[in-house]
Amino acid sequence: MLKRTLIGLLRSFEQTGDKAKDPLLKSHVYKLSKDKAWEEIVSTLKKMQGYKVLHEVISVGEIVVEKRTVTGRTMDITVSVISINPVTTAVDIYSASRGSFGDLGSNYRVILDIYRVLDKKLTTYKVTS
């Protein structure tokens, strides 16, 4: 966790992807069609305390979410819902803090928080790599 905080001193964003070096930042994959995954993910995000869904663009598979931190900073989060095939969907998250200073690892923690909630909600559909 110290490494994350040190990285966060300089960087004010974090993202996931299928080639991420950190195993916790790898794309999460679910055995669900994109439409079904989309419904579940949007409704889950809308119920998450402290997060506000701003835009849902199903055609490009992006959900834009905002989170305010206890220090008053705003974080802009994009949740991407990507169809791998008709029955499998991947979810990636990009989180960035507004302002010029680093985030002290808060974007990393936000991503892990969102993934934890989605995995719990979609536990029966989670594909483990």
# chains A, B, ... in the order shown; residues from 1 in each chain; ligands from 1

$ residues_around --residues "region 75-84 of chain A" --least-positions-apart "4" --cutoff "7 Å" --atoms "only C-alpha atoms" --output "list in words"
Lys34, Trp38, Gly61, Glu62, Ile63, Val64, Val65, Glu66, Lys67, Arg68, Thr88, Thr89, Ala90, Val91, Asp92, Ile93, Tyr94, Ser95, Ala96, Ser97 and Arg98 of chain A

$ residues_around --residues "Ser43 (chain A)" --least-positions-apart "6" --cutoff "12 Å" --atoms "only C-alpha atoms" --output "JSON list (two decimals) with C-alpha atoms, in the first residue's frame"
[["chain", "number", "residue", "atom", "x", "y", "z"],
["A", 36, "LYS", "CA", -27.65, -7.66, -18.82],
["A", 37, "ALA", "CA", -24.28, -6.61, -17.36],
["A", 51, "TYR", "CA", -21.04, 8.01, -5.98],
["A", 52, "LYS", "CA", -23.20, 9.90, -8.47],
["A", 53, "VAL", "CA", -23.95, 8.54, -11.96],
["A", 56, "GLU", "CA", -24.87, 6.49, -19.30],
["A", 63, "ILE", "CA", -20.91, 5.08, -17.49],
["A", 117, "VAL", "CA", -19.16, -4.06, -4.94],
["A", 118, "LEU", "CA", -19.66, -5.27, -8.53],
["A", 121, "LYS", "CA", -23.40, -8.20, -6.80],
["A", 122, "LEU", "CA", -22.35, -10.33, -9.80]]

$ atom_distance --atom1 "CA of Asp119 (chain A)" --atom2 "CA of Glu14 (chain A)"
19.1 Å

$ select_by_dssp --residues "region 10-115 of chain A" --states "helix (DSSP H, G or I)" --output "PyMOL selection string"
chain A and resi 10+23-25+34-47+106-115

$ write_last_selection --atoms "N, CA and C atoms" --output "compact mmCIF listing (two decimals), in the first residue's frame"
# COMPACT_ATOMS: atom_id res chain seq x y z
N LEU A 10 2.54 11.61 -7.06
CA LEU A 10 2.84 12.20 -8.35
C LEU A 10 1.69 12.09 -9.34
N PRO A 23 -2.25 -7.23 -10.31
CA PRO A 23 -3.38 -8.16 -10.52
C PRO A 23 -4.73 -7.57 -10.06
N LEU A 24 -4.71 -6.65 -9.11
CA LEU A 24 -5.96 -6.04 -8.64
C LEU A 24 -6.53 -5.05 -9.66
N LEU A 25 -5.71 -4.66 -10.63
CA LEU A 25 -6.17 -3.71 -11.65
C LEU A 25 -6.45 -4.38 -13.00
N LYS A 34 -23.72 -8.15 -22.64
CA LYS A 34 -23.44 -6.74 -22.35
C LYS A 34 -24.69 -6.04 -21.81
N ASP A 35 -25.85 -6.30 -22.42
CA ASP A 35 -27.09 -5.64 -21.98
C ASP A 35 -27.44 -5.97 -20.53
N LYS A 36 -27.33 -7.23 -20.19
CA LYS A 36 -27.65 -7.66 -18.82
C LYS A 36 -26.62 -7.08 -17.84
N ALA A 37 -25.34 -7.16 -18.21
CA ALA A 37 -24.28 -6.61 -17.36
C ALA A 37 -24.49 -5.11 -17.18
N TRP A 38 -24.84 -4.44 -18.26
CA TRP A 38 -25.07 -2.98 -18.22
C TRP A 38 -26.14 -2.63 -17.18
N GLU A 39 -27.27 -3.33 -17.25
CA GLU A 39 -28.38 -3.08 -16.30
C GLU A 39 -27.91 -3.26 -14.87
N GLU A 40 -27.23 -4.37 -14.60
CA GLU A 40 -26.77 -4.69 -13.25
C GLU A 40 -25.76 -3.65 -12.75
N ILE A 41 -24.83 -3.28 -13.62
CA ILE A 41 -23.77 -2.35 -13.23
C ILE A 41 -24.32 -0.96 -12.97
N VAL A 42 -25.18 -0.46 -13.87
CA VAL A 42 -25.76 0.87 -13.67
C VAL A 42 -26.57 0.92 -12.38
N SER A 43 -27.41 -0.09 -12.14
CA SER A 43 -28.24 -0.07 -10.92
C SER A 43 -27.37 -0.18 -9.67
N THR A 44 -26.28 -0.95 -9.74
CA THR A 44 -25.37 -1.09 -8.61
C THR A 44 -24.66 0.24 -8.32
N LEU A 45 -24.15 0.88 -9.38
CA LEU A 45 -23.46 2.16 -9.20
C LEU A 45 -24.38 3.23 -8.62
N LYS A 46 -25.64 3.22 -9.04
CA LYS A 46 -26.60 4.22 -8.54
C LYS A 46 -26.88 4.05 -7.06
N LYS A 47 -26.69 2.83 -6.54
CA LYS A 47 -26.94 2.56 -5.12
C LYS A 47 -25.72 2.78 -4.24
N SER A 106 -5.86 7.40 -3.76
CA SER A 106 -7.33 7.33 -3.61
C SER A 106 -8.03 6.80 -4.86
N ASN A 107 -7.51 7.08 -6.05
CA ASN A 107 -8.13 6.53 -7.27
C ASN A 107 -7.99 5.01 -7.29
N TYR A 108 -6.85 4.52 -6.85
CA TYR A 108 -6.63 3.07 -6.74
C TYR A 108 -7.67 2.46 -5.80
N ARG A 109 -7.86 3.08 -4.65
CA ARG A 109 -8.83 2.55 -3.67
C ARG A 109 -10.26 2.63 -4.19
N VAL A 110 -10.59 3.68 -4.94
CA VAL A 110 -11.94 3.81 -5.52
C VAL A 110 -12.20 2.68 -6.51
N ILE A 111 -11.21 2.38 -7.35
CA ILE A 111 -11.36 1.29 -8.33
C ILE A 111 -11.59 -0.04 -7.60
N LEU A 112 -10.78 -0.30 -6.57
CA LEU A 112 -10.94 -1.55 -5.82
C LEU A 112 -12.30 -1.61 -5.15
N ASP A 113 -12.78 -0.47 -4.67
CA ASP A 113 -14.09 -0.38 -4.01
C ASP A 113 -15.21 -0.72 -5.01
N ILE A 114 -15.16 -0.12 -6.18
CA ILE A 114 -16.19 -0.38 -7.21
C ILE A 114 -16.15 -1.85 -7.63
N TYR A 115 -14.94 -2.37 -7.89
CA TYR A 115 -14.83 -3.79 -8.28
C TYR A 115 -15.37 -4.71 -7.18

$ atom_distance --atom1 "CA of Gly17 (chain A)" --atom2 "CA of Lys31 (chain A)"
17.6 Å

$ atom_distance --atom1 "CA of Phe13 (chain A)" --atom2 "CA of Gly99 (chain A)"
10.8 Å

$ select_by_dssp --residues "chain A" --states "strand (DSSP E)" --output "PyMOL selection string"
chain A and resi 13-15+28-30+51-57+62-68+74-85+88-97+126-127

$ write_last_selection --atoms "N, CA and C atoms" --output "short mmCIF file (atom, residue, chain, number, x, y, z; two decimals), in the first residue's frame"
data_model
loop_
_atom_site.label_atom_id
_atom_site.label_comp_id
_atom_site.auth_asym_id
_atom_site.auth_seq_id
_atom_site.Cartn_x
_atom_site.Cartn_y
_atom_site.Cartn_z
N PHE A 13 -4.36 9.80 -11.29
CA PHE A 13 -5.31 8.93 -11.97
C PHE A 13 -4.89 7.48 -11.79
N GLU A 14 -5.81 6.58 -12.09
CA GLU A 14 -5.51 5.15 -12.07
C GLU A 14 -6.47 4.50 -13.05
N GLN A 15 -6.04 3.38 -13.66
CA GLN A 15 -6.93 2.69 -14.59
C GLN A 15 -6.68 1.20 -14.58
N HIS A 28 -12.16 -6.96 -15.00
CA HIS A 28 -13.02 -7.99 -14.42
C HIS A 28 -13.96 -8.48 -15.51
N VAL A 29 -14.12 -9.79 -15.57
CA VAL A 29 -14.92 -10.40 -16.63
C VAL A 29 -16.09 -11.16 -16.00
N TYR A 30 -17.27 -11.01 -16.62
CA TYR A 30 -18.48 -11.65 -16.12
C TYR A 30 -19.15 -12.42 -17.25
N TYR A 51 -21.29 7.97 -4.55
CA TYR A 51 -21.04 8.01 -5.98
C TYR A 51 -22.29 8.55 -6.68
N LYS A 52 -22.08 9.33 -7.74
CA LYS A 52 -23.20 9.90 -8.47
C LYS A 52 -23.03 9.59 -9.96
N VAL A 53 -24.00 8.86 -10.53
CA VAL A 53 -23.95 8.54 -11.96
C VAL A 53 -24.37 9.79 -12.73
N LEU A 54 -23.49 10.28 -13.61
CA LEU A 54 -23.76 11.50 -14.39
C LEU A 54 -24.29 11.19 -15.79
N HIS A 55 -23.66 10.22 -16.46
CA HIS A 55 -24.04 9.89 -17.84
C HIS A 55 -23.98 8.39 -18.05
N GLU A 56 -24.89 7.90 -18.89
CA GLU A 56 -24.87 6.49 -19.30
C GLU A 56 -24.94 6.49 -20.82
N VAL A 57 -23.89 5.99 -21.46
CA VAL A 57 -23.87 5.95 -22.92
C VAL A 57 -23.70 4.50 -23.35
N GLU A 62 -20.11 3.24 -21.88
CA GLU A 62 -19.48 4.00 -20.81
C GLU A 62 -20.48 4.59 -19.83
N ILE A 63 -20.12 4.48 -18.56
CA ILE A 63 -20.91 5.08 -17.49
C ILE A 63 -19.98 6.07 -16.79
N VAL A 64 -20.38 7.33 -16.75
CA VAL A 64 -19.55 8.36 -16.12
C VAL A 64 -20.10 8.63 -14.72
N VAL A 65 -19.21 8.51 -13.73
CA VAL A 65 -19.59 8.63 -12.33
C VAL A 65 -18.70 9.67 -11.67
N GLU A 66 -19.27 10.36 -10.68
CA GLU A 66 -18.49 11.35 -9.93
C GLU A 66 -18.48 10.95 -8.46
N LYS A 67 -17.37 11.19 -7.80
CA LYS A 67 -17.27 10.92 -6.37
C LYS A 67 -16.56 12.10 -5.72
N ARG A 68 -17.13 12.58 -4.62
CA ARG A 68 -16.47 13.64 -3.86
C ARG A 68 -15.75 13.00 -2.68
N THR A 74 -12.94 16.31 -6.23
CA THR A 74 -13.86 15.55 -7.06
C THR A 74 -13.07 14.55 -7.89
N MET A 75 -13.59 13.34 -7.95
CA MET A 75 -12.99 12.30 -8.78
C MET A 75 -13.95 11.98 -9.92
N ASP A 76 -13.39 11.93 -11.12
CA ASP A 76 -14.18 11.57 -12.30
C ASP A 76 -13.84 10.13 -12.65
N ILE A 77 -14.88 9.30 -12.73
CA ILE A 77 -14.69 7.87 -12.93
C ILE A 77 -15.46 7.44 -14.18
N THR A 78 -14.79 6.69 -15.05
CA THR A 78 -15.46 6.13 -16.22
C THR A 78 -15.43 4.62 -16.09
N VAL A 79 -16.61 4.02 -16.08
CA VAL A 79 -16.73 2.57 -16.04
C VAL A 79 -17.08 2.12 -17.46
N SER A 80 -16.20 1.31 -18.05
CA SER A 80 -16.42 0.81 -19.41
C SER A 80 -16.93 -0.62 -19.37
N VAL A 81 -18.02 -0.86 -20.09
CA VAL A 81 -18.62 -2.19 -20.16
C VAL A 81 -18.41 -2.67 -21.60
N ILE A 82 -17.56 -3.70 -21.74
CA ILE A 82 -17.11 -4.13 -23.05
C ILE A 82 -17.55 -5.56 -23.33
N SER A 83 -18.24 -5.75 -24.44
CA SER A 83 -18.69 -7.08 -24.83
C SER A 83 -17.51 -7.84 -25.45
N ILE A 84 -17.16 -8.98 -24.84
CA ILE A 84 -16.10 -9.83 -25.38
C ILE A 84 -16.69 -10.77 -26.42
N ASN A 85 -17.84 -11.33 -26.08
CA ASN A 85 -18.62 -12.15 -27.00
C ASN A 85 -20.07 -12.07 -26.52
N THR A 88 -20.21 -12.94 -22.69
CA THR A 88 -19.15 -12.54 -21.76
C THR A 88 -18.88 -11.04 -21.90
N THR A 89 -18.75 -10.37 -20.76
CA THR A 89 -18.54 -8.93 -20.74
C THR A 89 -17.41 -8.58 -19.78
N ALA A 90 -16.57 -7.64 -20.20
CA ALA A 90 -15.48 -7.16 -19.34
C ALA A 90 -15.82 -5.76 -18.82
N VAL A 91 -15.30 -5.46 -17.64
CA VAL A 91 -15.51 -4.14 -17.05
C VAL A 91 -14.14 -3.54 -16.71
N ASP A 92 -13.90 -2.33 -17.21
CA ASP A 92 -12.69 -1.58 -16.89
C ASP A 92 -13.09 -0.25 -16.27
N ILE A 93 -12.20 0.28 -15.43
CA ILE A 93 -12.49 1.52 -14.72
C ILE A 93 -11.30 2.47 -14.85
N TYR A 94 -11.61 3.72 -15.15
CA TYR A 94 -10.60 4.79 -15.16
C TYR A 94 -11.06 5.82 -14.14
N SER A 95 -10.19 6.18 -13.22
CA SER A 95 -10.55 7.14 -12.19
C SER A 95 -9.48 8.23 -12.14
N ALA A 96 -9.90 9.49 -12.15
CA ALA A 96 -8.95 10.62 -12.09
C ALA A 96 -9.45 11.67 -11.11
N SER A 97 -8.51 12.25 -10.38
CA SER A 97 -8.85 13.31 -9.43
C SER A 97 -8.67 14.66 -10.11
N LYS A 126 -18.98 -14.06 -12.13
CA LYS A 126 -17.56 -13.66 -12.18
C LYS A 126 -16.72 -14.76 -12.81
N VAL A 127 -15.87 -14.35 -13.74
CA VAL A 127 -14.94 -15.28 -14.38
C VAL A 127 -13.58 -15.04 -13.75
#

$ closest_residue --among "A:Arg11, A:Arg116, A:Gly72, A:Thr123" --to "Leu32 (chain A)" --atoms "only C-alpha atoms"
A:Thr123
